[in-house]
Amino acid sequence: MKKHTVILFLVLANIFWAGNYIFGKYVVAELTPLQMTFSRWSIAVILLFPIAQWIEQPNWRDVWSRWKILLVMSLTGIIAYNYLLYEALRYTSSLNASLVNAVNPVLIALFSALILKEKIPFKNKLGLLVSLCGVLLVLTKGQVLQIFRLEYNTGDLLMILAILVWTFYSILGKKILSIPPISATAVSVLIALIILLPFVLYTGLQIPHSSQALVGIIYMGLFPSVGAFVFWNIGIRQMGPGRAGIFMYLITVFTAIIGLILGQPITFIQISGGLLVFIGLYLSSSKSRTLK
């Protein structure tokens with residue numbers, strides 16, 4: 001696969017996830033995190049299996065033979081991360097949640113180096129630092145010292161747990177190269193729904209009342225759940241979790257852009273921070289050999 005295609009997939013994944021933050025804040029006011037997680041993946045699973053069959057034409061028996069690692073991926077990336085994210089949005093602001101999430105690429109790079117023995121060249125480390133500076137500019141509106149004045153609450157701690165879970169999920173994705181990525185995602189989602197079903201039946205499944213929340217849950221079921229997960233898993237396999245992880249800085253940038261579309265103003269500082277993020281991404285995605 002060509003390098004620019006992999007980069008495009010990772011960029012699209014983070015655009016979709018940025019929307020997940022925005023719509024998640026609306027939907028969590030009407031549904032519990034458990035109901036949100038189950039609803040979005042119920043929509044997604046309907047599409048994932050046909051897409052996997054059409055694009056990858058996998059040997060499903062071989063895919064299911066790796067059920068143990070797919071079970072772990074279900075528990076981490078499908079259930080735990082999403083539940084913790086939505087639970088965090090009940091207690092913390094979008095600013096705090098995004099700030100904690102910005103640490104994720106650093107954790108992925110560090111754990112990839114420790115566990116997968118991935119080497120991080122100086123150029124990639126520099127890109128990581130430049131992108132982090134860009135994110136901090138966007139989040140603090142140019143007043144970087146504001147980061148030390150934020151009060152961390154239960155939601156912030158839940159976000160820390162969420163990014164630790166996502167780090168583990170991303171590293172696991174590198175361990176199943178023998179399974180086509182869309183097929184792996186489809187089976188992981190199905191396993192997750194089977195696990196969640198008894199809890200949902202016990203607590204009850206509600207339907208969003210407002211049209212805004214209804215559109216939100218449909219969006220979350222299509223784009224962050226199908227598009228983003230498929231593109232993310234492909235990107236990890238091609239680029240590695242350490243280098244792919246830095247693209248998660250784009251979530252903050254795209255959140256600002258979506259906010260602008262919705263009528264929220266964007267400042268010069270936010271534009272400057274976004275440029276730093278893209279410069280850092282360029283440095284971090286640079287590698288001597290070419291992806292094929």
# chains A, B, ... in the order shown; residues from 1 in each chain; ligands from 1
>>> select_by_dssp(residues="range 174-258 of chain A", states="alpha helix (DSSP H)", output="MDAnalysis selection string")
chainID A and resid 181:203 211:222 229:239 241:245 250:258
>>> residues_around(residues="Leu84 in chain A", least_positions_apart="3", cutoff="8 Å", atoms="only C-alpha atoms", output="list in words")
Pro33, Ala80, Tyr81, Glu87, Ala88, Leu158, Met159, Leu161 and Ala162 of chain A
>>> write_last_selection(atoms="N, CA, C and O atoms", output="PDB file, in the first residue's frame")
ATOM      1  N   PRO A  33     -23.521   5.632  28.998  1.00  0.00           N
ATOM      2  CA  PRO A  33     -22.366   5.161  28.227  1.00  0.00           C
ATOM      3  C   PRO A  33     -22.518   3.731  27.734  1.00  0.00           C
ATOM      4  O   PRO A  33     -22.092   3.411  26.620  1.00  0.00           O
ATOM      5  N   ALA A  80     -14.151  -1.201  26.527  1.00  0.00           N
ATOM      6  CA  ALA A  80     -13.591  -0.391  27.616  1.00  0.00           C
ATOM      7  C   ALA A  80     -13.303   1.046  27.191  1.00  0.00           C
ATOM      8  O   ALA A  80     -13.690   1.992  27.886  1.00  0.00           O
ATOM      9  N   TYR A  81     -12.631   1.218  26.047  1.00  0.00           N
ATOM     10  CA  TYR A  81     -12.269   2.579  25.639  1.00  0.00           C
ATOM     11  C   TYR A  81     -13.507   3.447  25.443  1.00  0.00           C
ATOM     12  O   TYR A  81     -13.574   4.572  25.941  1.00  0.00           O
ATOM     13  N   GLU A  87     -18.232   7.893  29.606  1.00  0.00           N
ATOM     14  CA  GLU A  87     -18.395   8.139  31.038  1.00  0.00           C
ATOM     15  C   GLU A  87     -17.620   9.391  31.443  1.00  0.00           C
ATOM     16  O   GLU A  87     -18.100  10.195  32.258  1.00  0.00           O
ATOM     17  N   ALA A  88     -16.448   9.582  30.868  1.00  0.00           N
ATOM     18  CA  ALA A  88     -15.641  10.764  31.178  1.00  0.00           C
ATOM     19  C   ALA A  88     -16.355  12.043  30.749  1.00  0.00           C
ATOM     20  O   ALA A  88     -16.297  13.057  31.453  1.00  0.00           O
ATOM     21  N   LEU A 158     -10.838   9.200  34.332  1.00  0.00           N
ATOM     22  CA  LEU A 158     -11.415   8.196  33.433  1.00  0.00           C
ATOM     23  C   LEU A 158     -10.800   8.296  32.039  1.00  0.00           C
ATOM     24  O   LEU A 158     -10.587   7.276  31.367  1.00  0.00           O
ATOM     25  N   MET A 159     -10.498   9.516  31.593  1.00  0.00           N
ATOM     26  CA  MET A 159      -9.852   9.694  30.292  1.00  0.00           C
ATOM     27  C   MET A 159      -8.435   9.122  30.298  1.00  0.00           C
ATOM     28  O   MET A 159      -7.969   8.569  29.296  1.00  0.00           O
ATOM     29  N   LEU A 161      -7.489   6.525  32.026  1.00  0.00           N
ATOM     30  CA  LEU A 161      -7.706   5.083  31.875  1.00  0.00           C
ATOM     31  C   LEU A 161      -8.056   4.743  30.432  1.00  0.00           C
ATOM     32  O   LEU A 161      -7.602   3.733  29.888  1.00  0.00           O
ATOM     33  N   ALA A 162      -8.859   5.601  29.795  1.00  0.00           N
ATOM     34  CA  ALA A 162      -9.279   5.354  28.415  1.00  0.00           C
ATOM     35  C   ALA A 162      -8.086   5.330  27.466  1.00  0.00           C
ATOM     36  O   ALA A 162      -7.980   4.444  26.608  1.00  0.00           O
TER      37      ALA A 162
END
>>> residues_around(residues="Gln35 in chain A", least_positions_apart="2", cutoff="12 Å", atoms="only C-alpha atoms", output="PyMOL selection string")
chain A and resi 24+27-33+37-42+79+82-83+86-87+193+196-208+217
>>> atom_distance(atom1="CA of Pro121 in chain A", atom2="CA of Ala13 in chain A")
24.7 Å
>>> atom_distance(atom1="CA of Met1 in chain A", atom2="CA of Ile234 in chain A")
9.7 Å
>>> atom_distance(atom1="CA of Met239 in chain A", atom2="CA of Ile271 in chain A")
27.1 Å
>>> closest_residue(among="A:Phe247, A:Phe49, A:Trp67, A:Phe268", to="Pro105 in chain A", atoms="only C-alpha atoms")
A:Phe247
